[in-house]
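A.B. asks: Next up, run30.txt (compact mmCIF, C-alpha atoms).
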```
# COMPACT_ATOMS: atom_id res chain seq x y z
CA MET A 213 -2.85 20.34 41.58
CA LYS A 214 -1.64 17.22 43.40
CA HIS A 215 -5.26 16.09 43.81
CA PHE A 216 -5.90 16.65 40.08
CA SER A 217 -2.76 14.67 39.15
CA ALA A 218 -3.85 11.77 41.32
CA LEU A 219 -7.30 11.77 39.75
CA LEU A 220 -5.75 11.87 36.29
CA LEU A 221 -3.47 8.94 37.11
CA THR A 222 -6.38 6.92 38.49
CA THR A 223 -8.52 7.66 35.40
CA THR A 224 -5.67 6.69 33.08
CA LEU A 225 -5.12 3.40 34.88
CA LEU A 226 -8.83 2.57 34.78
CA ALA A 227 -8.93 3.30 31.03
CA ALA A 228 -5.91 1.14 30.25
CA PRO A 229 -6.46 -2.35 28.78
CA ALA A 230 -6.94 -5.08 31.33
CA PHE A 231 -3.68 -6.78 32.28
CA ALA A 232 -1.75 -4.57 29.85
CA GLU A 233 1.95 -5.28 29.83
CA MET A 234 3.41 -1.79 30.13
CA LEU A 235 6.76 -1.62 28.45
CA GLU A 236 9.60 0.57 29.66
CA LEU A 237 9.62 3.00 26.75
CA GLU A 238 12.94 4.39 25.58
CA LYS A 239 11.12 7.22 23.79
CA ASP A 240 7.51 8.20 24.33
CA GLU A 241 7.06 11.35 22.20
CA LEU A 242 6.86 10.43 18.53
CA LYS A 243 6.01 12.10 15.23
CA PHE A 244 4.70 9.97 12.37
CA GLY A 245 4.19 11.05 8.76
CA PHE A 246 1.54 10.04 6.26
CA ILE A 247 0.18 10.86 2.81
CA LYS A 248 -3.50 11.79 2.41
CA LEU A 249 -4.83 8.39 1.38
CA THR A 250 -7.47 6.21 3.01
CA ASP A 251 -4.92 3.48 3.72
CA MET A 252 -3.29 5.67 6.36
CA ALA A 253 -6.36 4.71 8.44
CA PRO A 254 -4.52 2.54 11.03
CA LEU A 255 -2.50 5.59 12.10
CA ALA A 256 -5.56 7.83 12.43
CA VAL A 257 -7.53 5.15 14.28
CA ALA A 258 -4.66 4.32 16.65
CA TYR A 259 -4.52 8.03 17.49
CA GLU A 260 -8.24 8.78 17.71
CA ASN A 261 -9.16 5.59 19.61
CA GLY A 262 -6.39 6.12 22.15
CA TYR A 263 -4.38 3.02 21.29
CA PHE A 264 -1.11 4.97 21.19
CA LEU A 265 -1.90 6.49 24.59
CA ASP A 266 -2.72 3.03 25.98
CA GLU A 267 0.89 2.13 25.19
CA GLY A 268 2.22 5.30 26.84
CA LEU A 269 3.00 6.93 23.50
CA PHE A 270 2.37 10.61 22.82
CA VAL A 271 2.08 10.72 19.05
CA THR A 272 1.80 13.57 16.58
CA LEU A 273 0.55 12.72 13.07
CA GLU A 274 1.67 15.01 10.27
CA ALA A 275 0.63 14.95 6.59
CA GLN A 276 3.57 15.10 4.17
CA ALA A 277 3.77 16.84 0.79
CA ASN A 278 4.90 13.76 -1.16
CA TRP A 279 6.56 10.37 -0.75
CA LYS A 280 10.12 11.67 -1.15
CA VAL A 281 9.66 14.31 1.55
CA LEU A 282 8.17 11.63 3.80
CA LEU A 283 11.07 9.21 3.27
CA ASP A 284 13.66 11.93 3.77
CA GLY A 285 11.92 12.90 7.01
CA VAL A 286 12.23 9.37 8.39
CA ILE A 287 15.85 9.01 7.29
CA GLY A 288 16.78 12.44 8.66
CA GLY A 289 15.01 11.90 11.98
CA GLN A 290 12.43 14.65 11.59
CA LEU A 291 9.88 11.81 11.58
CA ASP A 292 10.13 8.75 13.82
CA GLY A 293 8.22 6.60 11.35
CA ALA A 294 5.70 6.82 8.55
CA HIS A 295 2.99 5.31 6.39
CA MET A 296 5.12 4.21 3.43
CA LEU A 297 4.94 2.71 0.00
CA ALA A 298 5.99 -0.93 0.38
CA GLY A 299 8.76 -0.37 -2.15
CA GLN A 300 10.32 2.50 -0.19
CA PRO A 301 12.02 0.53 2.62
CA LEU A 302 13.23 -2.05 0.09
CA ALA A 303 14.56 0.51 -2.39
CA ALA A 304 16.29 2.55 0.31
CA THR A 305 17.88 -0.55 1.84
CA ILE A 306 19.32 -1.75 -1.49
CA GLY A 307 20.42 1.78 -2.40
CA TYR A 308 17.99 2.58 -5.20
CA GLY A 309 17.48 6.31 -4.76
CA THR A 310 18.17 7.55 -1.24
CA GLU A 311 20.18 4.91 0.64
CA ALA A 312 19.25 3.99 4.22
CA HIS A 313 18.34 0.82 6.09
CA ILE A 314 14.56 1.03 6.61
CA ILE A 315 12.55 -1.80 8.16
CA THR A 316 8.86 -2.56 8.57
CA PRO A 317 7.33 -4.45 11.50
CA PHE A 318 3.78 -3.86 10.24
CA SER A 319 1.98 -4.09 6.91
CA MET A 320 -0.74 -1.43 6.67
CA ASP A 321 -3.30 -3.07 4.36
CA LEU A 322 -4.23 -5.15 1.33
CA ASN A 323 -5.68 -3.82 -1.94
CA GLY A 324 -6.99 -0.23 -2.01
CA ASN A 325 -5.86 1.05 -5.43
CA GLY A 326 -7.45 1.57 -8.82
CA ILE A 327 -6.56 2.50 -12.38
CA THR A 328 -8.57 5.37 -13.88
CA VAL A 329 -8.67 6.70 -17.45
CA SER A 330 -10.11 9.92 -18.83
CA ASN A 331 -13.65 9.98 -20.20
CA SER A 332 -12.30 10.31 -23.74
CA VAL A 333 -10.04 7.26 -23.38
CA TRP A 334 -12.87 5.30 -21.78
CA GLU A 335 -15.17 5.96 -24.72
CA GLN A 336 -12.45 4.67 -27.06
CA MET A 337 -11.90 1.58 -24.90
CA LYS A 338 -15.55 0.57 -24.54
CA PRO A 339 -15.99 -0.99 -28.00
CA ASN A 340 -13.14 -3.38 -27.08
CA ILE A 341 -14.74 -4.56 -23.81
CA PRO A 342 -17.29 -7.43 -23.61
CA THR A 343 -20.54 -6.64 -21.82
CA ASN A 344 -22.70 -8.52 -19.35
CA ALA A 345 -26.36 -9.34 -19.98
CA ASP A 346 -27.26 -6.02 -18.35
CA GLY A 347 -25.13 -4.16 -20.89
CA LEU A 348 -22.49 -3.15 -18.36
CA PRO A 349 -18.79 -3.90 -19.00
CA GLN A 350 -17.43 -7.26 -17.91
CA HIS A 351 -14.83 -7.00 -15.17
CA PRO A 352 -11.92 -7.33 -14.77
CA ILE A 353 -11.05 -5.17 -17.75
CA SER A 354 -7.83 -6.12 -19.51
CA ALA A 355 -5.37 -3.53 -20.78
CA SER A 356 -5.77 -5.25 -24.15
CA ALA A 357 -8.85 -3.01 -24.47
CA LEU A 358 -6.51 -0.03 -24.19
CA LEU A 359 -4.01 -1.31 -26.77
CA PRO A 360 -5.90 -0.03 -29.89
CA VAL A 361 -6.28 3.36 -28.20
CA VAL A 362 -2.54 3.60 -27.59
CA GLU A 363 -1.90 2.55 -31.19
CA SER A 364 -4.19 5.33 -32.43
CA TYR A 365 -2.25 7.86 -30.36
CA ARG A 366 1.01 6.56 -31.81
CA ALA A 367 -0.37 6.80 -35.35
CA ALA A 368 -1.30 10.43 -34.67
CA GLY A 369 2.19 11.13 -33.32
CA LYS A 370 0.97 11.65 -29.76
CA PRO A 371 2.38 10.04 -26.58
CA PHE A 372 -0.01 8.19 -24.30
CA ASN A 373 0.74 9.40 -20.77
CA MET A 374 -0.29 7.93 -17.44
CA GLY A 375 0.43 8.96 -13.86
CA MET A 376 1.64 6.94 -10.87
CA VAL A 377 2.68 8.23 -7.48
CA PHE A 378 6.38 7.30 -7.15
CA PRO A 379 8.96 5.16 -9.00
CA VAL A 380 8.98 2.49 -6.26
CA SER A 381 5.26 2.67 -5.49
CA THR A 382 2.82 -0.19 -5.62
CA HIS A 383 0.95 1.98 -8.11
CA ASN A 384 3.88 2.03 -10.53
CA TYR A 385 4.25 -1.75 -10.38
CA GLU A 386 0.50 -2.43 -10.55
CA LEU A 387 0.03 -0.10 -13.51
CA ARG A 388 3.01 -1.70 -15.25
CA TYR A 389 1.65 -5.16 -14.47
CA TRP A 390 -1.78 -4.35 -15.90
CA LEU A 391 -0.35 -2.77 -19.04
CA ALA A 392 2.09 -5.62 -19.67
CA ALA A 393 -0.62 -8.24 -19.09
CA GLY A 394 -2.57 -6.56 -21.90
CA GLY A 395 0.39 -6.49 -24.30
CA LEU A 396 1.60 -2.92 -23.67
CA ASN A 397 5.21 -2.16 -22.73
CA PRO A 398 5.42 0.39 -19.89
CA GLY A 399 9.18 0.88 -20.41
CA LEU A 400 12.42 0.02 -18.65
CA TYR A 401 14.80 1.77 -16.26
CA SER A 402 18.56 1.73 -16.46
CA PRO A 403 21.34 3.30 -14.36
CA ALA A 404 21.83 5.83 -17.16
CA ASP A 405 18.12 6.54 -17.72
CA THR A 406 15.90 6.55 -14.65
CA SER A 407 12.81 7.83 -16.49
CA GLY A 408 11.46 4.29 -16.79
CA GLN A 409 10.44 5.02 -20.37
CA ILE A 410 13.03 3.04 -22.36
CA GLY A 411 11.11 1.24 -25.14
CA ALA A 412 7.76 2.32 -23.70
CA ASP A 413 4.39 2.11 -25.43
CA VAL A 414 2.82 4.03 -22.52
CA PHE A 415 4.77 6.79 -20.77
CA LEU A 416 4.49 6.80 -16.98
CA SER A 417 5.36 9.79 -14.80
CA VAL A 418 5.05 10.79 -11.15
CA THR A 419 2.04 12.77 -9.90
CA PRO A 420 1.27 13.19 -6.15
CA PRO A 421 -1.97 11.36 -5.21
CA PRO A 422 -4.18 14.37 -4.35
CA GLN A 423 -3.21 16.03 -7.64
CA MET A 424 -4.21 13.09 -9.84
CA PRO A 425 -7.78 14.21 -10.68
CA ALA A 426 -6.74 17.78 -11.51
CA THR A 427 -3.85 16.57 -13.68
CA LEU A 428 -6.21 14.23 -15.53
CA GLU A 429 -8.77 17.01 -15.99
CA ALA A 430 -6.07 19.30 -17.39
CA GLY A 431 -5.21 16.69 -20.04
CA THR A 432 -1.60 16.33 -18.89
CA ILE A 433 -2.16 12.61 -18.37
CA ASP A 434 -4.63 10.21 -19.97
CA GLY A 435 -5.04 8.00 -16.92
CA TYR A 436 -3.47 7.08 -13.61
CA CYS A 437 -3.03 4.50 -10.88
CA VAL A 438 -3.59 5.74 -7.33
CA GLY A 439 -5.08 4.83 -3.97
CA GLU A 440 -8.39 6.04 -2.67
CA PRO A 441 -10.17 8.38 -2.55
CA TRP A 442 -8.66 9.74 -5.77
CA ASN A 443 -10.21 7.21 -8.18
CA GLN A 444 -13.69 7.77 -6.78
CA GLN A 445 -13.02 11.51 -6.87
CA ALA A 446 -12.66 11.28 -10.66
CA VAL A 447 -16.13 9.71 -10.86
CA VAL A 448 -17.67 12.35 -8.59
CA LYS A 449 -16.07 15.15 -10.63
CA GLY A 450 -17.19 13.50 -13.87
CA ILE A 451 -13.70 13.54 -15.38
CA GLY A 452 -12.71 9.88 -15.50
CA VAL A 453 -13.66 6.22 -15.13
CA PRO A 454 -11.87 3.66 -12.95
CA VAL A 455 -11.39 0.59 -15.14
CA ILE A 456 -9.95 -1.87 -12.64
CA THR A 457 -9.17 -2.18 -8.93
CA ASP A 458 -6.02 -3.86 -7.73
CA TYR A 459 -8.22 -6.48 -6.03
CA GLU A 460 -9.21 -7.56 -9.55
CA LEU A 461 -5.62 -7.24 -10.75
CA TRP A 462 -4.15 -9.39 -7.97
CA LYS A 463 -6.54 -10.60 -5.28
CA ASN A 464 -5.49 -9.41 -1.82
CA ASN A 465 -2.21 -7.90 -2.91
CA PRO A 466 0.00 -6.21 -0.26
CA GLU A 467 -0.11 -2.42 -0.15
CA LYS A 468 1.44 0.12 2.26
CA VAL A 469 3.73 -0.57 5.23
CA PHE A 470 4.76 1.31 8.34
CA GLY A 471 8.44 2.19 8.04
CA ILE A 472 11.10 3.07 10.61
CA THR A 473 14.87 3.10 10.39
CA ALA A 474 16.72 -0.01 11.53
CA GLU A 475 18.59 2.32 13.89
CA PHE A 476 15.30 3.40 15.51
CA ALA A 477 14.27 -0.23 16.09
CA GLU A 478 17.66 -1.06 17.60
CA GLN A 479 17.81 2.06 19.79
CA TYR A 480 14.15 1.94 20.90
CA PRO A 481 13.06 -1.73 20.87
CA ASN A 482 10.28 -1.35 23.44
CA THR A 483 8.95 1.76 21.74
CA THR A 484 8.92 -0.18 18.46
CA LEU A 485 6.92 -2.96 20.09
CA ALA A 486 4.51 -0.46 21.63
CA LEU A 487 3.76 1.37 18.37
CA THR A 488 3.31 -1.95 16.57
CA LYS A 489 0.82 -3.06 19.23
CA ALA A 490 -1.19 0.13 18.77
CA LEU A 491 -1.28 -0.26 14.98
CA ILE A 492 -2.37 -3.89 15.18
CA ARG A 493 -5.25 -2.89 17.49
CA ALA A 494 -6.29 -0.19 15.01
CA ALA A 495 -6.29 -2.69 12.14
CA ILE A 496 -8.41 -5.13 14.17
CA TRP A 497 -10.93 -2.35 14.89
CA LEU A 498 -11.13 -1.38 11.21
CA ASP A 499 -12.12 -4.89 10.08
CA GLU A 500 -13.92 -6.35 13.09
CA ASN A 501 -17.57 -7.41 12.97
CA GLU A 502 -17.61 -7.44 9.16
CA ASN A 503 -16.43 -3.84 8.81
CA ALA A 504 -18.99 -2.51 11.31
CA ASN A 505 -16.67 0.39 12.20
CA ARG A 506 -16.07 1.61 8.67
CA GLU A 507 -18.60 4.45 8.81
CA ALA A 508 -16.87 5.77 11.92
CA ALA A 509 -13.51 5.38 10.16
CA VAL A 510 -14.83 7.33 7.16
CA GLU A 511 -15.81 10.21 9.44
CA ILE A 512 -12.31 10.27 10.94
CA LEU A 513 -10.56 10.12 7.58
CA SER A 514 -12.72 12.87 6.08
CA ARG A 515 -11.33 15.37 8.58
CA PRO A 516 -8.93 17.92 7.04
CA GLU A 517 -6.02 16.81 9.22
CA TYR A 518 -6.20 13.32 7.70
CA VAL A 519 -7.42 12.71 4.11
CA GLY A 520 -9.68 15.74 3.91
CA ALA A 521 -11.97 14.46 1.15
CA ASP A 522 -15.76 14.38 1.32
CA ALA A 523 -17.03 11.55 3.50
CA ASP A 524 -19.26 10.30 0.66
CA VAL A 525 -16.25 9.95 -1.63
CA ILE A 526 -14.24 8.04 0.97
CA ALA A 527 -17.22 5.85 1.86
CA ALA A 528 -17.67 4.87 -1.80
CA SER A 529 -14.80 2.40 -1.45
CA MET A 530 -14.18 2.08 2.31
CA THR A 531 -17.59 0.59 3.02
CA GLY A 532 -17.47 -2.32 0.59
CA THR A 533 -18.56 -0.91 -2.76
CA PHE A 534 -16.80 0.68 -5.70
CA GLU A 535 -18.20 2.90 -8.47
CA TYR A 536 -16.82 2.54 -12.00
CA GLU A 537 -18.84 4.43 -14.59
CA PRO A 538 -21.30 6.86 -12.96
CA GLY A 539 -24.08 4.68 -11.59
CA ASP A 540 -22.16 1.41 -12.08
CA VAL A 541 -21.72 0.60 -8.39
CA ARG A 542 -20.52 -2.91 -7.60
CA ASP A 543 -19.85 -4.81 -4.39
CA VAL A 544 -16.14 -5.06 -3.63
CA PRO A 545 -16.19 -5.99 0.08
CA ASP A 546 -12.43 -6.52 0.19
CA PHE A 547 -11.43 -3.34 -1.64
CA ASN A 548 -9.84 -2.19 1.63
CA VAL A 549 -8.55 -4.89 3.98
CA PHE A 550 -6.72 -3.87 7.13
CA PHE A 551 -6.59 -7.04 9.24
CA ARG A 552 -8.32 -9.99 7.58
CA TYR A 553 -6.20 -12.55 5.73
CA ASN A 554 -3.17 -11.70 7.93
CA ALA A 555 -3.03 -8.30 6.23
CA THR A 556 -0.83 -6.77 8.94
CA TYR A 557 1.81 -9.52 9.01
CA PRO A 558 4.96 -8.43 7.11
CA PHE A 559 5.46 -11.46 4.85
CA TYR A 560 8.85 -11.96 3.20
CA SER A 561 7.01 -13.10 0.07
CA ASP A 562 5.39 -9.66 -0.23
CA ALA A 563 8.83 -8.06 -0.16
CA VAL A 564 10.09 -10.54 -2.75
CA TRP A 565 7.26 -9.65 -5.15
CA TYR A 566 8.22 -5.97 -5.03
CA LEU A 567 11.86 -6.88 -5.60
CA THR A 568 10.92 -9.02 -8.63
CA GLN A 569 9.12 -6.03 -10.15
CA MET A 570 12.13 -3.77 -9.51
CA ARG A 571 14.27 -6.34 -11.28
CA ARG A 572 11.72 -6.90 -14.07
CA TRP A 573 11.69 -3.22 -15.02
CA GLY A 574 15.42 -2.54 -14.57
CA GLN A 575 15.44 -0.65 -11.27
CA ILE A 576 17.62 -3.51 -10.05
CA ALA A 577 20.04 -3.37 -12.95
CA GLU A 578 22.02 -6.59 -12.46
CA PRO A 579 20.85 -10.19 -12.11
CA LYS A 580 20.39 -11.48 -8.55
CA ASP A 581 20.14 -15.07 -7.34
CA ASP A 582 17.20 -16.36 -5.31
CA VAL A 583 19.19 -16.19 -2.07
CA TRP A 584 19.68 -12.43 -2.54
CA PHE A 585 15.91 -11.90 -2.80
CA ASP A 586 15.32 -13.85 0.42
CA GLU A 587 18.10 -12.13 2.37
CA THR A 588 16.99 -8.68 1.27
CA ALA A 589 13.40 -9.40 2.25
CA ARG A 590 14.52 -10.61 5.70
CA SER A 591 16.62 -7.49 6.27
CA VAL A 592 13.60 -5.20 5.74
CA TYR A 593 10.44 -7.10 6.72
CA ARG A 594 10.39 -7.98 10.44
CA PRO A 595 7.72 -10.50 11.39
CA ASP A 596 9.68 -11.23 14.58
CA ILE A 597 8.84 -7.78 15.95
CA TYR A 598 5.26 -8.11 14.74
CA LEU A 599 4.69 -11.46 16.47
CA ASP A 600 6.23 -10.25 19.73
CA ALA A 601 3.75 -7.35 19.70
CA ALA A 602 0.88 -9.67 18.76
CA ARG A 603 1.75 -12.07 21.60
CA MET A 604 1.54 -9.21 24.10
CA LEU A 605 -1.86 -8.15 22.73
CA VAL A 606 -3.20 -11.71 23.01
CA ASP A 607 -1.91 -12.00 26.60
CA GLU A 608 -3.62 -8.69 27.42
CA GLY A 609 -6.93 -9.78 25.93
CA ASN A 610 -6.76 -7.22 23.14
CA ALA A 611 -6.35 -9.74 20.31
CA THR A 612 -7.30 -13.34 19.53
CA GLU A 613 -4.72 -16.11 19.36
CA ALA A 614 -6.18 -17.62 16.18
CA ASP A 615 -5.83 -14.37 14.23
CA PHE A 616 -2.05 -14.57 13.83
CA PRO A 617 0.17 -16.92 11.75
CA TRP A 618 2.45 -18.01 14.60
CA ASP A 619 4.01 -20.91 12.70
CA SER A 620 4.61 -19.12 9.39
CA ASP A 621 8.06 -19.25 7.84
CA GLY A 622 7.38 -15.75 6.51
CA TYR A 623 6.23 -16.91 3.08
CA LYS A 624 2.64 -17.08 1.91
CA ALA A 625 1.45 -20.05 -0.08
CA PRO A 626 2.07 -19.37 -3.79
CA THR A 627 -0.51 -17.06 -5.38
CA PRO A 628 -2.63 -19.21 -7.71
CA ALA A 629 -3.05 -18.32 -11.37
CA ALA A 630 -6.76 -17.63 -10.84
CA ASP A 631 -5.98 -14.73 -8.46
CA VAL A 632 -3.92 -12.72 -10.97
CA ILE A 633 -5.18 -10.97 -14.10
CA ASP A 634 -2.59 -12.54 -16.42
CA GLY A 635 -3.00 -16.04 -14.99
CA ILE A 636 0.67 -16.29 -13.98
CA PRO A 637 1.15 -17.72 -10.46
CA PHE A 638 3.67 -16.24 -8.03
CA ASP A 639 5.89 -18.22 -5.66
CA GLY A 640 8.01 -15.99 -3.42
CA LYS A 641 10.52 -18.81 -2.92
CA ALA A 642 11.32 -18.94 -6.66
CA PRO A 643 11.71 -15.29 -7.70
CA ASN A 644 13.87 -15.81 -10.79
CA ALA A 645 11.58 -18.49 -12.18
CA TYR A 646 8.72 -16.05 -11.67
CA ILE A 647 10.55 -13.23 -13.45
CA ASP A 648 11.25 -15.54 -16.38
CA SER A 649 7.54 -16.47 -16.62
CA LEU A 650 6.48 -12.85 -17.28
CA PRO A 651 6.22 -12.07 -21.02
CA ILE A 652 7.22 -8.37 -21.00
CA GLY A 653 10.20 -6.98 -19.08
CA LEU A 654 13.71 -8.15 -18.29
CA LYS A 655 14.34 -11.84 -17.73
CA SER A 656 16.44 -13.02 -14.80
CA GLY A 657 19.79 -12.93 -16.62
CA GLU A 658 19.23 -9.81 -18.72
CA VAL A 659 20.38 -6.23 -18.36
CA VAL A 660 19.32 -3.08 -20.21
CA GLY A 661 21.86 -2.45 -22.96
CA GLY A 662 22.53 0.27 -25.52
```
Could you quickly redo this structure as structure tokens?
C.D. replies:
Amino acid sequence: MKHFSALLLTTTLLAAPAFAEMLELEKDELKFGFIKLTDMAPLAVAYENGYFLDEGLFVTLEAQANWKVLLDGVIGGQLDGAHMLAGQPLAATIGYGTEAHIITPFSMDLNGNGITVSNSVWEQMKPNIPTNADGLPQHPISASALLPVVESYRAAGKPFNMGMVFPVSTHNYELRYWLAAGGLNPGLYSPADTSGQIGADVFLSVTPPPQMPATLEAGTIDGYCVGEPWNQQAVVKGIGVPVITDYELWKNNPEKVFGITAEFAEQYPNTTLALTKALIRAAIWLDENENANREAAVEILSRPEYVGADADVIAASMTGTFEYEPGDVRDVPDFNVFFRYNATYPFYSDAVWYLTQMRRWGQIAEPKDDVWFDETARSVYRPDIYLDAARMLVDEGNATEADFPWDSDGYKAPTPAADVIDGIPFDGKAPNAYIDSLPIGLKSGEVVGG
């Protein structure tokens, strides 16, 4: 037994990264939660490629039933951290819903979502959509093409229902953004009415991601916004048509984050650095050599313990293409981005955008000044932890110096008008001016009355 232990130790040391800086871990057995979506990939890759083990971490990954269960697990300590909706740490920290101080040292990805409508709705939309010379629809498709359909439902006395995954999800805000950009009101929230349907033209409700296709097929909803593979699943099943990806809605928009409690980061600082290092390595692997590892990633994600969808369905978007109508396959090389464009850096400006949407739709009920947006972003998004982890990886030879924004003040350059479907630029340093520039929704000084 002693001989075996010595051999095991020798093998482990030989397999470790060259010149790895081994941290003194305060906690080395960890359980992380995730939802069955392709953008949980950094967690699966960090586990399967041994990056967690390289850091001395013994990790268990556990799929969760829904986003609320996942958040409650992190807050209650049943989970040490989790793949989270970017809005979850922000909402919890400001006390919208369950109150707890959650932070993120790592942004999981960019893009990765789509908006799908039923076949029936698509047929009604098509006459309102310009076509290319080949007869296929011009993209991006504006929600203005949906407006006459919604009006016909209203005239018939029927509600037009769409699904999103959680009230503070990217999907809720992206769906609202697309609808509003096309002249449709997705409704407001208030402290007295948290349905989000005050004054709505289109009624949005929560549906867990894996249930989206079945709910659409049953006719309970007329469309939805969700991450992959559940848009491509609608195409494969022949029940719906994705009309727009979030890459077309807002080029290289921020998506999921990895969330832990502030208490965890304070109590286990070296463990926090170690897990962040492992996740950064996984993100690098997912994007390196022009996505050369994506086929291998698809195989991992297709396993039942991770996403559990057919590999062909996952590959439809993970490998640089996206299928809209059956047979209408287009190149979208950046549909899933895990490391390029500083995707993993937790920018304050990303947090500010989510906060502006919470304010726009009434989830933040009272006006806030620009300083509040900045301070809230800084309390949740932690680029300091991220850069400390990145520096260690560079020193170890596991990352490249030029791949990290060392001199950033935490804010991206303003998003230009050309990168957003409604042509309205976004500057994270001027959140109230941005809110006031959006045509539908609350303005900076307004509250929901009545």
A.B. asks: What gap, in Å, lies between atom CA of Tyr598 of chain A and atom CA of Ala275 of chain A?
C.D. replies: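 Between atom CA of Tyr598 of chain A and atom CA of Ala275 of chain A the gap is 24.9 Å.
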A.B. asks: Neighbouring residues of Ala430 of chain A were defined as those with any atom within 12 Å, considering only C-alpha atoms; residues of the same chain fewer than 6 positions away were excluded. Please report them as a PDB file with C-alpha atoms, in the frame of the given file.
C.D. replies:
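Output contents, as saved in out38.pdb:
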```pdb
ATOM      1  CA  SER A 330     -10.110   9.920 -18.830  1.00  0.00           C
ATOM      2  CA  GLN A 423      -3.210  16.030  -7.640  1.00  0.00           C
ATOM      3  CA  MET A 424      -4.210  13.090  -9.840  1.00  0.00           C
ATOM      4  CA  ILE A 451     -13.700  13.540 -15.380  1.00  0.00           C
ATOM      5  CA  GLY A 452     -12.710   9.880 -15.500  1.00  0.00           C
TER       6      GLY A 452
END
```
A.B. asks: Go ahead and compute the interatomic distance for atom CA of Trp279 of chain A and atom CA of Thr488 of chain A, in Å to one decimal.
C.D. replies: 21.5 Å
A.B. asks: Residues at most 7 Å from Lys624 of chain A, counting all atoms listed in the file, excluding those fewer than 2 positions away in the same chain, as a PyMOL selection string?
C.D. replies: chain A and resi 559+561+622+626
A.B. asks: Taking into account all atoms listed in the file, which residue in the set A:Tyr259, A:Tyr560, A:Tyr436, A:Trp618 is nearest to Tyr593 of chain A?
C.D. replies: A:Tyr560
A.B. asks: Skip Glu478 of chain A itself and residues of its chain fewer than 4 positions away, then list as number ranges by chain all residues within 12 Å of it, counting only C-alpha atoms.
C.D. replies: A: 238, 313-315, 472-474, 482-485, 597
A.B. asks: Quick one: which segment 422-529 of chain A residues come within 6 Å of segment 372-379 of chain A, and what is the nearest atom pair for each with the distance in Å to one decimal, counting only C-alpha atoms, rows ordered by chain and ascending number, as JSON lines?
C.D. replies:
```
{"residue": "A:Ile433", "atom": "CA", "partner": "A:Asn373", "partner_atom": "CA", "distance": 4.9}
{"residue": "A:Asp434", "atom": "CA", "partner": "A:Asn373", "partner_atom": "CA", "distance": 5.5}
{"residue": "A:Gly435", "atom": "CA", "partner": "A:Met374", "partner_atom": "CA", "distance": 4.8}
{"residue": "A:Tyr436", "atom": "CA", "partner": "A:Gly375", "partner_atom": "CA", "distance": 4.3}
{"residue": "A:Cys437", "atom": "CA", "partner": "A:Met376", "partner_atom": "CA", "distance": 5.3}
```
A.B. asks: Using all atoms listed in the file, can you list as a PyMOL selection string the residues within 12 Å of (-7.1, -16.2, -9.4)?
C.D. replies: chain A and resi 352+459-465+626-638
A.B. asks: Counting all atoms listed in the file, which residue out of A:Tyr263, A:Phe244, A:Tyr365, A:Tyr480 sits closest to Gln290 of chain A?
C.D. replies: A:Phe244
A.B. asks: Between atom CA of Ala393 of chain A and atom CA of Ala345 of chain A, what distance in Å does the model show, to one decimal?
C.D. replies: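 These atoms are spaced 25.8 Å apart.
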A.B. asks: Mind checking which residues fall within 10 Å of Pro342 of chain A, counting all atoms listed in the file, ignoring those fewer than 4 positions away in the same chain, and posting them as a list in words?
C.D. replies: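 Result of the neighbour search: Lys338, Gly347, Leu348, Pro349, Gln350, His351, Ile353 and Ala357 of chain A.
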A.B. asks: Dump C-alpha atoms for the selected residues as an mmCIF file, keeping the file's coordinate frame?
C.D. replies:
```cif
data_model
loop_
_atom_site.group_PDB
_atom_site.id
_atom_site.type_symbol
_atom_site.label_atom_id
_atom_site.label_comp_id
_atom_site.auth_asym_id
_atom_site.auth_seq_id
_atom_site.Cartn_x
_atom_site.Cartn_y
_atom_site.Cartn_z
ATOM 1 C CA LYS A 338 -15.550 0.570 -24.540
ATOM 2 C CA GLY A 347 -25.130 -4.160 -20.890
ATOM 3 C CA LEU A 348 -22.490 -3.150 -18.360
ATOM 4 C CA PRO A 349 -18.790 -3.900 -19.000
ATOM 5 C CA GLN A 350 -17.430 -7.260 -17.910
ATOM 6 C CA HIS A 351 -14.830 -7.000 -15.170
ATOM 7 C CA ILE A 353 -11.050 -5.170 -17.750
ATOM 8 C CA ALA A 357 -8.850 -3.010 -24.470
#
```
A.B. asks: Please return as a PyMOL selection string every residue within 10 Å of (-5.0, 2.8, -5.7), taking into account all atoms listed in the file and the file's own coordinates.
C.D. replies: chain A and resi 249-251+323-328+376-377+382-383+386-387+421+436-443+456-459+467+547
A.B. asks: Would you list the contacts of Tyr623 of chain A as a ChimeraX atom specification, taking every protein, DNA or RNA residue within 12 Å and counting all atoms listed in the file, but skipping same-chain residues closer than 4 positions in sequence?
C.D. replies: /A:554,557-565,586,589-590,593,595,617,619,627,638-642
